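Read the structure below first, then the notes.
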Amino acid sequence: KAMARIQQSVSVDLTQEQSFFFHTCARVTHCVEVAEGFISDSAGEVMLKAPTPAPWNPFAVKVTPDHLSFVIRNFTAILLGLFIGYHGRKGMLHRYDGTIAATTAILLSKFTGSASEIALLRLQAGMLGYIYGSMLISVFGACDGLAHLALGIGIFLWVSNNMMSSFHIPKNAMLGQLLAIYGTKQAAKPCKAVPEALTMDFIACLWIAVAIGMVFDELANVLPLPKEMRVSRCSTQAINSIQTLWTSLGNMVSCAFDANDLGTRKHQMTFGSTLALAEELNRSAVNEWRAHKAPWNIELGAAVLASLR
């Protein structure tokens, strides 16, 4: 009787697989229905009607303070990048250049962890991707079939390896995506293109774009904004994750000893992934600039997480 009740419950560990297969089946069913409609229309059995486009309603989108803060910060950062690129600076930045704004748009993402570590990671990804793309186009930039094939294989291997690292290693998610973007952007150029040297112009644009993002993220914490619109510091995220772990542990124990609970079962995999995230945040919080606050006590955080483990 107990095993029958367990088999009726749903595992949290399988929610992603269940969602994937559900959407796959729904998409396949929709494609089959469309194909059957085309066949019936060509046979004269049914006359297909032209689809009626739904009116676009921007107010139908759910606006939350978190999303609103993200939009305002990044929209202002892109406008500032356009302003700097439009005016430029002699000897460093070309005028009428949108590289800073484009780089800021590429770096748009919500991150978890220390802002300084994320900034250094973005600089590292931009430099390495730019260098790899320049090397690839300089070696295989000739206008012949063999060079095109080698260039395509090089881009494919670069993108596939970095994206695989991005999806399978959560810590390298942002690094892998940015490496793939910058490397492909520099390598996908016309044949016989003279590779650009790693000039001060590119370095300055990349540094300014990253610095603008850091400044606006920090302003979101300094300005008197509602709590929901602020960017959580790494230490705050670590504290919240530890509180979530204690709550989740209590729920798991209650669910395990409740014979009448046939709902969702929380397994070790879900708890373990949250615990790994909390440990990473605990290590990253040491590098956080805490201004007037005391330094982050990594030993105390490690002791709390060890008790949970």
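In the structure tokens, chains take the letters A, B, ... in the order shown, each chain's residues start at 1, and ligands count up from 1 in the order shown.
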
Show which residues sit within 9 Å of Leu80 of chain A, as JSON, numbers by chain. Count only C-alpha atoms, and ignore same-chain residues fewer than 6 positions away. {"A": [100, 101, 212]}

Report as a list of chain:residue names all protein, DNA and RNA residues lying within 12 Å of Phe75 of chain A, evaluated on only C-alpha atoms, omitting residues in the same chain fewer than 2 positions from it.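 Listing them by chain and then by number gives A:His67, A:Leu68, A:Ser69, A:Phe70, A:Val71, A:Ile72, A:Arg73, A:Ala77, A:Ile78, A:Leu79, A:Leu80, A:Gly81, A:Leu82, A:Ala101, A:Ala102, A:Thr104, A:Ala105, A:Leu108, A:Ile212, A:Gly213, A:Phe216.
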
Can you pull out every residue within 12 Å of Cys234 of chain A, counting only C-alpha atoms, but drop anything in the same chain fewer than 4 positions away, and send it as a VMD selection string? chain A and resid 111 to 118 238 to 241 277 to 290 296

Residues as selected, N, CA and C atoms, written as a tab-separated table (two decimals), in the first residue's frame, can you do that?
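Writing the result to part_22.tsv gives the following:
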chain	number	residue	atom	x	y	z
A	111	PHE	N	22.67	37.45	-13.32
A	111	PHE	CA	23.71	36.58	-12.80
A	111	PHE	C	23.49	36.33	-11.32
A	112	THR	N	24.12	35.26	-10.86
A	112	THR	CA	24.11	34.90	-9.44
A	112	THR	C	25.55	34.82	-8.96
A	113	GLY	N	25.87	35.58	-7.94
A	113	GLY	CA	27.22	35.56	-7.41
A	113	GLY	C	27.78	36.95	-7.27
A	114	SER	N	29.11	37.03	-7.16
A	114	SER	CA	29.80	38.29	-6.95
A	114	SER	C	29.85	39.09	-8.24
A	115	ALA	N	29.52	40.40	-8.15
A	115	ALA	CA	29.52	41.25	-9.34
A	115	ALA	C	30.92	41.44	-9.89
A	116	SER	N	31.93	41.53	-9.00
A	116	SER	CA	33.30	41.69	-9.48
A	116	SER	C	33.80	40.46	-10.21
A	117	GLU	N	33.46	39.27	-9.73
A	117	GLU	CA	33.85	38.05	-10.42
A	117	GLU	C	33.17	37.95	-11.78
A	118	ILE	N	31.91	38.35	-11.86
A	118	ILE	CA	31.20	38.31	-13.13
A	118	ILE	C	31.82	39.28	-14.12
A	238	ALA	N	23.64	34.35	-0.64
A	238	ALA	CA	24.10	33.21	0.15
A	238	ALA	C	23.20	32.99	1.36
A	239	ILE	N	22.84	34.07	2.05
A	239	ILE	CA	21.95	33.95	3.21
A	239	ILE	C	20.58	33.41	2.80
A	240	ASN	N	20.05	33.94	1.69
A	240	ASN	CA	18.74	33.46	1.23
A	240	ASN	C	18.78	31.99	0.83
A	241	SER	N	19.87	31.56	0.21
A	241	SER	CA	19.97	30.16	-0.19
A	241	SER	C	20.05	29.24	1.02
A	277	LEU	N	24.88	25.34	-4.95
A	277	LEU	CA	24.78	26.77	-5.24
A	277	LEU	C	25.10	27.60	-4.00
A	278	ALA	N	24.60	27.17	-2.84
A	278	ALA	CA	24.88	27.91	-1.60
A	278	ALA	C	26.37	27.88	-1.26
A	279	GLU	N	27.03	26.76	-1.49
A	279	GLU	CA	28.47	26.68	-1.23
A	279	GLU	C	29.25	27.59	-2.16
A	280	GLU	N	28.85	27.66	-3.42
A	280	GLU	CA	29.52	28.55	-4.38
A	280	GLU	C	29.31	30.01	-3.99
A	281	LEU	N	28.12	30.37	-3.57
A	281	LEU	CA	27.85	31.74	-3.13
A	281	LEU	C	28.64	32.07	-1.87
A	282	ASN	N	28.79	31.11	-1.00
A	282	ASN	CA	29.56	31.34	0.23
A	282	ASN	C	31.02	31.65	-0.09
A	283	ARG	N	31.58	30.97	-1.09
A	283	ARG	CA	32.96	31.25	-1.48
A	283	ARG	C	33.09	32.58	-2.22
A	284	SER	N	32.09	32.91	-3.04
A	284	SER	CA	32.15	34.14	-3.82
A	284	SER	C	31.91	35.38	-2.97
A	285	ALA	N	31.19	35.24	-1.88
A	285	ALA	CA	30.87	36.40	-1.05
A	285	ALA	C	32.10	37.02	-0.40
A	286	VAL	N	33.20	36.26	-0.32
A	286	VAL	CA	34.43	36.80	0.27
A	286	VAL	C	34.98	37.94	-0.58
A	287	ASN	N	34.81	37.83	-1.93
A	287	ASN	CA	35.35	38.84	-2.84
A	287	ASN	C	34.41	40.02	-3.04
A	288	GLU	N	33.35	40.08	-2.28
A	288	GLU	CA	32.35	41.14	-2.47
A	288	GLU	C	32.77	42.39	-1.69
A	289	TRP	N	32.55	43.54	-2.32
A	289	TRP	CA	32.80	44.82	-1.65
A	289	TRP	C	31.62	45.12	-0.74
A	290	ARG	N	31.86	45.12	0.58
A	290	ARG	CA	30.78	45.25	1.56
A	290	ARG	C	30.75	46.61	2.23
A	296	TRP	N	32.78	39.09	5.00
A	296	TRP	CA	31.95	37.89	5.03
A	296	TRP	C	32.69	36.78	5.76

His148 of chain A: which residues within 12 Å, counting only C-alpha atoms, same-chain residues fewer than 6 positions away excluded, as a ChimeraX atom specification? /A:136-137,139-142,154-155,187-192

Pick out each residue of segment 26-183 of chain A that DSSP on the backbone tags as alpha helix (DSSP H); I need them as a ChimeraX atom specification. /A:26-42,65-87,99-106,115-139,145-168,173-183

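Here atom CA of Pro224 of chain A stands at a distance of 17.7 Å from atom CA of Thr64 of chain A.
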
Can you list, as a list in words, every protein, DNA or RNA residue that comes within 8 Å of Val231 of chain A when you count only C-alpha atoms, leaving out same-chain residues fewer than 5 positions away?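 Skipping anything fewer than 5 positions along the chain leaves Asp217, Glu218, Ala220 and Asn221 of chain A.
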
Report the distance between atom CA of Gln18 of chain A and atom CA of His168 of chain A in Å, rounded to one decimal place. 18.7 Å

May I have the residues within 9 Å of Gln124 of chain A as a ChimeraX atom specification, using only C-alpha atoms and disregarding those fewer than 4 positions away in the same chain? /A:119-120,128-129,175,179

Using DSSP on the backbone, list every residue of segment 66-296 of chain A that comes out as strand (DSSP E or B), and give them as a list in words. Arg89, Leu93, Thr264 and Arg265 of chain A

Keeping C-alpha atoms for every residue in the selection just given, could you write it to a file as a compact mmCIF listing (two decimals), in the first residue's frame?
# COMPACT_ATOMS: atom_id res chain seq x y z
CA ARG A 89 37.66 60.07 -28.02
CA LEU A 93 37.56 55.45 -29.42
CA THR A 264 5.47 16.22 -5.12
CA ARG A 265 8.43 14.42 -3.62

Can you list, as a list in words, every protein, DNA or RNA residue that comes within 12 Å of Val46 of chain A when you count only C-alpha atoms, leaving out same-chain residues fewer than 6 positions away?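 Near neighbours after the sequence-gap exclusion: Glu36, Gly37, Phe38, Ile39 and Ser40 of chain A.
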
Could you state the separation of atom CA of Met214 of chain A and atom CA of Arg233 of chain A in Å, given to one decimal place?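 Computed distance, atom CA of Met214 of chain A to atom CA of Arg233 of chain A, equals 12.2 Å.
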